[in-house]
file entry33.tsv (TSV, C-alpha atoms)
chain	number	residue	atom	x	y	z
A	1	MET	CA	30.05	41.41	-63.53
A	2	MET	CA	33.38	39.97	-64.65
A	3	PRO	CA	33.09	36.45	-66.15
A	4	LEU	CA	34.19	33.65	-63.80
A	5	HIS	CA	37.20	32.63	-65.90
A	6	GLU	CA	38.38	36.28	-65.78
A	7	ARG	CA	37.97	36.35	-61.99
A	8	ILE	CA	40.04	33.17	-61.69
A	9	ARG	CA	42.70	34.58	-64.01
A	10	SER	CA	42.76	37.87	-62.09
A	11	SER	CA	42.99	36.10	-58.71
A	12	ILE	CA	45.99	34.02	-59.76
A	13	GLU	CA	47.57	36.96	-61.59
A	14	ASN	CA	47.34	39.15	-58.48
A	15	ARG	CA	48.97	36.45	-56.34
A	16	ILE	CA	51.85	36.23	-58.80
A	17	LEU	CA	52.34	40.01	-59.14
A	18	SER	CA	52.17	40.53	-55.36
A	19	GLY	CA	54.82	37.86	-54.75
A	20	VAL	CA	52.53	35.45	-52.90
A	21	LEU	CA	53.35	33.00	-55.69
A	22	ALA	CA	57.03	33.18	-56.61
A	23	PRO	CA	58.74	32.08	-59.86
A	24	GLY	CA	58.92	28.28	-59.90
A	25	ASP	CA	56.04	27.81	-57.45
A	26	ARG	CA	53.52	25.17	-58.42
A	27	LEU	CA	49.88	26.21	-58.81
A	28	PRO	CA	47.06	24.07	-57.40
A	29	ILE	CA	45.95	21.32	-59.75
A	30	GLU	CA	42.88	21.95	-61.91
A	31	ALA	CA	40.65	19.81	-59.67
A	32	GLU	CA	41.53	21.97	-56.66
A	33	LEU	CA	40.83	25.18	-58.58
A	34	MET	CA	37.50	23.75	-59.75
A	35	GLN	CA	36.56	23.07	-56.13
A	36	ASP	CA	37.82	26.45	-54.86
A	37	PHE	CA	35.87	28.43	-57.46
A	38	GLY	CA	32.92	26.07	-57.90
A	39	CYS	CA	33.30	25.82	-61.65
A	40	SER	CA	33.96	23.42	-64.52
A	41	ARG	CA	37.32	22.23	-65.83
A	42	MET	CA	36.69	24.21	-69.02
A	43	THR	CA	36.41	27.45	-67.04
A	44	VAL	CA	39.64	26.76	-65.15
A	45	ASN	CA	41.40	25.80	-68.37
A	46	LYS	CA	40.31	29.06	-70.01
A	47	ALA	CA	41.77	31.07	-67.12
A	48	LEU	CA	45.07	29.15	-67.14
A	49	SER	CA	45.36	29.45	-70.91
A	50	ALA	CA	45.07	33.24	-70.62
A	51	LEU	CA	47.83	33.32	-67.98
A	52	SER	CA	50.02	31.08	-70.11
A	53	LEU	CA	49.49	33.28	-73.16
A	54	VAL	CA	50.95	36.33	-71.41
A	55	GLY	CA	53.89	34.35	-70.01
A	56	LEU	CA	52.96	34.34	-66.33
A	57	ILE	CA	52.75	30.55	-65.98
A	58	ASP	CA	54.27	27.45	-67.56
A	59	ARG	CA	51.96	24.47	-68.16
A	60	ARG	CA	53.91	21.22	-68.32
A	61	LYS	CA	52.38	17.92	-69.32
A	62	ARG	CA	52.23	15.39	-66.47
A	63	ALA	CA	54.16	17.82	-64.24
A	64	GLY	CA	51.65	20.56	-63.48
A	65	THR	CA	51.41	24.32	-63.77
A	66	PHE	CA	54.15	26.60	-62.44
A	67	VAL	CA	54.78	30.33	-62.08
A	68	ALA	CA	57.05	31.29	-64.97
A	69	ARG	CA	60.61	32.33	-64.26
A	70	PRO	CA	61.77	35.78	-65.43
A	71	ARG	CA	63.17	35.92	-68.93
A	72	LEU	CA	66.81	36.80	-69.42
A	73	HIS	CA	66.14	40.04	-71.29
A	74	SER	CA	64.43	43.15	-70.04
A	75	MET	CA	63.62	46.66	-71.20
A	76	VAL	CA	65.88	49.63	-70.61
A	77	LEU	CA	62.83	51.81	-69.98
A	78	ASP	CA	60.07	50.58	-67.71
A	79	VAL	CA	56.47	51.83	-67.77
A	80	PRO	CA	56.41	54.50	-65.02
A	81	ASP	CA	53.44	55.75	-63.07
A	82	LEU	CA	53.49	59.55	-63.35
A	83	ALA	CA	51.66	59.99	-60.06
A	84	GLN	CA	54.41	58.06	-58.25
A	85	GLU	CA	57.17	59.80	-60.21
A	86	VAL	CA	55.92	63.27	-59.28
A	87	THR	CA	55.41	62.32	-55.63
A	88	ARG	CA	58.86	60.72	-55.49
A	89	ARG	CA	60.51	64.00	-56.43
A	90	GLY	CA	58.72	65.80	-53.59
A	91	GLN	CA	55.94	67.50	-55.53
A	92	CYS	CA	52.17	67.38	-55.20
A	93	TYR	CA	50.57	65.41	-58.02
A	94	SER	CA	47.15	66.16	-59.49
A	95	TYR	CA	45.27	65.14	-62.58
A	96	GLU	CA	42.44	66.39	-64.81
A	97	LEU	CA	40.35	64.25	-67.14
A	98	LEU	CA	39.79	66.37	-70.24
A	99	ALA	CA	37.88	63.97	-72.50
A	100	ARG	CA	36.73	60.37	-72.58
A	101	LYS	CA	35.05	58.71	-75.55
A	102	LEU	CA	34.21	55.16	-76.60
A	103	ARG	CA	34.59	54.88	-80.36
A	104	ALA	CA	35.33	52.61	-83.29
A	105	PRO	CA	38.87	52.54	-84.70
A	106	VAL	CA	39.58	54.72	-87.71
A	107	LYS	CA	39.54	52.50	-90.80
A	108	ALA	CA	42.51	54.31	-92.34
A	109	ARG	CA	44.63	53.70	-89.21
A	110	PRO	CA	46.11	50.17	-89.14
A	111	ASP	CA	47.54	50.85	-85.68
A	112	GLU	CA	44.07	51.59	-84.30
A	113	GLN	CA	42.62	48.55	-86.07
A	114	ALA	CA	45.29	46.33	-84.50
A	115	LEU	CA	44.67	47.75	-81.03
A	116	ALA	CA	40.90	47.45	-81.24
A	117	GLY	CA	40.77	43.98	-82.82
A	118	ARG	CA	37.07	43.35	-83.39
A	119	GLY	CA	36.02	45.73	-80.66
A	120	LYS	CA	36.10	49.43	-79.83
A	121	LEU	CA	38.62	51.84	-78.37
A	122	LEU	CA	38.36	54.02	-75.29
A	123	GLU	CA	39.95	57.37	-76.14
A	124	ILE	CA	41.16	59.36	-73.14
A	125	GLU	CA	42.75	62.80	-72.95
A	126	SER	CA	44.06	64.04	-69.62
A	127	LEU	CA	46.41	66.52	-68.03
A	128	HIS	CA	49.03	65.71	-65.37
A	129	LEU	CA	50.14	68.46	-62.99
A	130	ALA	CA	52.95	68.90	-60.48
A	131	ASN	CA	52.36	71.47	-57.74
A	132	ASN	CA	49.30	72.60	-59.74
A	133	VAL	CA	51.52	73.44	-62.75
A	134	PRO	CA	50.90	71.54	-66.03
A	135	LEU	CA	53.48	68.81	-66.54
A	136	ALA	CA	52.15	66.60	-69.35
A	137	LEU	CA	49.26	66.23	-71.75
A	138	GLU	CA	48.31	62.58	-72.23
A	139	ARG	CA	46.41	61.09	-75.17
A	140	ARG	CA	45.62	57.41	-74.72
A	141	LEU	CA	43.76	54.66	-76.55
A	142	VAL	CA	42.80	51.41	-74.78
A	143	GLY	CA	41.54	48.27	-76.50
A	144	VAL	CA	38.19	47.44	-74.92
A	145	ILE	CA	38.39	43.74	-75.83
A	146	ALA	CA	41.74	43.50	-74.04
A	147	VAL	CA	40.62	45.56	-71.03
A	148	PRO	CA	36.80	45.51	-70.75
A	149	ALA	CA	36.81	46.87	-67.19
A	150	ILE	CA	38.32	50.18	-68.37
A	151	VAL	CA	34.90	51.18	-69.73
A	152	THR	CA	33.41	51.51	-66.23
A	153	ALA	CA	36.59	52.58	-64.42
A	154	ASN	CA	36.35	55.84	-62.48
A	155	LEU	CA	38.87	57.86	-64.48
A	156	ASP	CA	37.59	61.14	-63.05
A	157	VAL	CA	39.71	60.59	-59.95
A	158	GLU	CA	42.47	58.27	-61.16
A	159	ALA	CA	44.60	58.57	-64.29
A	160	SER	CA	44.14	55.80	-66.84
A	161	GLY	CA	47.86	54.92	-66.72
A	162	THR	CA	47.74	54.44	-62.95
A	163	TRP	CA	44.56	52.37	-63.25
A	164	LEU	CA	46.09	50.16	-65.95
A	165	LEU	CA	49.28	49.55	-63.95
A	166	ARG	CA	47.18	48.49	-60.94
A	167	ASN	CA	44.77	46.25	-62.82
A	168	VAL	CA	46.40	44.91	-65.98
A	169	VAL	CA	49.67	43.03	-66.30
A	170	TRP	CA	51.83	43.88	-69.31
A	171	THR	CA	54.57	41.69	-70.77
A	172	GLU	CA	56.07	43.83	-73.54
A	173	ALA	CA	56.35	47.53	-74.29
A	174	GLU	CA	57.69	49.72	-77.05
A	175	THR	CA	58.75	53.30	-76.33
A	176	ARG	CA	59.57	56.13	-78.73
A	177	ILE	CA	60.98	59.43	-77.46
A	178	SER	CA	61.20	62.53	-79.63
A	179	ALA	CA	61.27	66.31	-79.53
A	180	MET	CA	58.31	68.32	-80.78
A	181	SER	CA	56.95	71.85	-80.85
A	182	ALA	CA	53.74	72.83	-79.12
A	183	ASP	CA	50.80	73.72	-81.34
A	184	LYS	CA	48.21	76.24	-80.17
A	185	ARG	CA	46.12	73.79	-78.13
A	186	ILE	CA	49.09	72.01	-76.55
A	187	GLY	CA	50.55	75.40	-75.68
A	188	GLU	CA	47.34	76.51	-73.99
A	189	LEU	CA	47.04	73.31	-71.95
A	190	LEU	CA	50.70	73.13	-70.91
A	191	ASP	CA	51.06	76.89	-70.48
A	192	VAL	CA	53.89	77.22	-73.00
A	193	GLU	CA	54.20	79.41	-76.06
A	194	LYS	CA	53.09	78.09	-79.43
A	195	GLY	CA	56.18	76.50	-80.97
A	196	GLY	CA	57.71	75.94	-77.54
A	197	ALA	CA	59.88	72.86	-76.97
A	198	CYS	CA	58.16	69.71	-75.71
A	199	LEU	CA	59.21	66.11	-75.10
A	200	SER	CA	56.97	63.44	-76.64
A	201	ILE	CA	56.96	59.92	-75.24
A	202	GLU	CA	54.91	57.41	-77.22
A	203	ARG	CA	54.41	53.95	-75.79
A	204	ARG	CA	52.56	50.78	-76.78
A	205	THR	CA	52.10	47.86	-74.39
A	206	TRP	CA	51.08	44.24	-74.90
A	207	ARG	CA	49.93	41.31	-72.77
A	208	GLY	CA	51.32	38.36	-74.70
A	209	LYS	CA	50.20	38.88	-78.30
A	210	GLU	CA	47.29	41.10	-77.25
A	211	GLN	CA	47.90	44.85	-77.39
A	212	ILE	CA	46.54	46.72	-74.40
A	213	THR	CA	47.08	50.41	-74.98
A	214	SER	CA	48.89	53.10	-76.94
A	215	VAL	CA	49.65	56.46	-75.39
A	216	GLN	CA	51.40	59.72	-76.15
A	217	GLN	CA	52.56	61.88	-73.26
A	218	ILE	CA	53.66	65.40	-74.19
A	219	PHE	CA	55.82	67.02	-71.50
A	220	VAL	CA	56.99	70.55	-70.95
A	221	ALA	CA	60.59	70.09	-72.09
A	222	GLU	CA	62.38	71.69	-69.15
A	223	ALA	CA	60.15	70.01	-66.56
A	224	TYR	CA	60.86	66.35	-67.23
A	225	ASP	CA	63.61	63.99	-68.25
A	226	LEU	CA	64.20	60.24	-68.18
A	227	VAL	CA	67.09	58.41	-66.55
A	228	ALA	CA	67.60	54.65	-66.96
A	229	ARG	CA	70.49	52.98	-65.14
A	230	PHE	CA	71.25	49.37	-65.99
A	231	ASP	CA	73.95	46.73	-66.22
A	232	SER	CA	74.22	43.36	-67.93
A	233	THR	CA	71.99	41.60	-65.40
A	234	ARG	CA	69.52	44.13	-64.14
A	235	VAL	CA	67.46	47.11	-65.26
A	236	ARG	CA	66.29	49.75	-62.83
A	237	THR	CA	63.12	51.76	-63.22
A	238	PRO	CA	63.67	55.17	-64.84
A	239	ARG	CA	62.96	58.24	-62.78
A	240	SER	CA	61.98	61.80	-63.52
A	241	ALA	CA	64.02	64.75	-62.38
A	242	ASP	CA	63.82	68.53	-62.46
call {"tool": "encode", "arguments": {"input": "entry33.tsv", "output": "structure tokens"}}
result
Amino acid sequence: MMPLHERIRSSIENRILSGVLAPGDRLPIEAELMQDFGCSRMTVNKALSALSLVGLIDRRKRAGTFVARPRLHSMVLDVPDLAQEVTRRGQCYSYELLARKLRAPVKARPDEQALAGRGKLLEIESLHLANNVPLALERRLVGVIAVPAIVTANLDVEASGTWLLRNVVWTEAETRISAMSADKRIGELLDVEKGGACLSIERRTWRGKEQITSVQQIFVAEAYDLVARFDSTRVRTPRSAD
């Protein structure tokens, strides 16, 4: 069962993300939260500290705790949900879990060490399909300390990216897009010739200073592209297109 401070954090986080609590809204005082959840001040403080760390709330001395207002900068590329992207363009989305393994980070890989912290990594390989045709091969690592619930998540029926977007808030992301050629295994899974053109999208996401996941999605080159439209005040979510 999820620890009580995590349940409190998740409850408040969900109210913020769903819009029930809007930017600038004041949260109940600690005494009210203690009464609502039947817990100690220390437990409430731990939950609020976690929300403050990822930038969802502002804690002000003698004033109270408020939902944080959006920052003035934003990313050009959002973190899309492939299931929604495929459905949005009128195709039938499906997904296959190819492999799932809980393991220690590789000692020679500083990036894996940073993601895992003092814990383990959940390694996930999956295939995304559109109209039953392979669209993308996904290789993902998730830090178990950052997202303990991922270990028991039912990833046989729901892609890890979709699950993460539904259950874990992210505050920062880094995206790298490059061209690559398919090796033998990638070619077999994506139904392209060895050496065929593919589009690689690598992304890392954080919640505050805590890294959540790193993922590489390898797309059939002619089946996917990214469009990001933005101006000086607003960024719109990128979309996929044939």
call {"tool": "closest_residue", "arguments": {"input": "entry33.tsv", "among": "A:Asn132, A:Ser181, A:Asn167, A:Gln216", "to": "Ser11 (chain A)", "atoms": "all atoms listed in the file"}}
result
A:Asn167
call {"tool": "closest_residue", "arguments": {"input": "entry33.tsv", "among": "A:Val67, A:Leu199, A:Ala99, A:Ile29", "to": "Ser126 (chain A)", "atoms": "all atoms listed in the file"}}
result
A:Ala99
call {"tool": "atom_distance", "arguments": {"input": "entry33.tsv", "atom1": "CA of Ala159 (chain A)", "atom2": "CA of Gln84 (chain A)"}}
result
11.5 Å
call {"tool": "atom_distance", "arguments": {"input": "entry33.tsv", "atom1": "CA of Glu6 (chain A)", "atom2": "CA of Ala47 (chain A)"}}
result
6.4 Å
call {"tool": "closest_residue", "arguments": {"input": "entry33.tsv", "among": "A:Met34, A:Val86, A:Ala114, A:Ala146", "to": "Ala50 (chain A)", "atoms": "all atoms listed in the file"}}
result
A:Ala146
call {"tool": "atom_distance", "arguments": {"input": "entry33.tsv", "atom1": "CA of Glu222 (chain A)", "atom2": "CA of Asp156 (chain A)"}}
result
27.6 Å
call {"tool": "residues_near_point", "arguments": {"input": "entry33.tsv", "point": "(51.8, 69.6, -71.6)", "cutoff": "6 Å", "atoms": "all atoms listed in the file", "output": "list in words"}}
result
Pro134, Leu135, Ala136, Leu137, Leu190, Ile218, Phe219 and Val220 of chain A
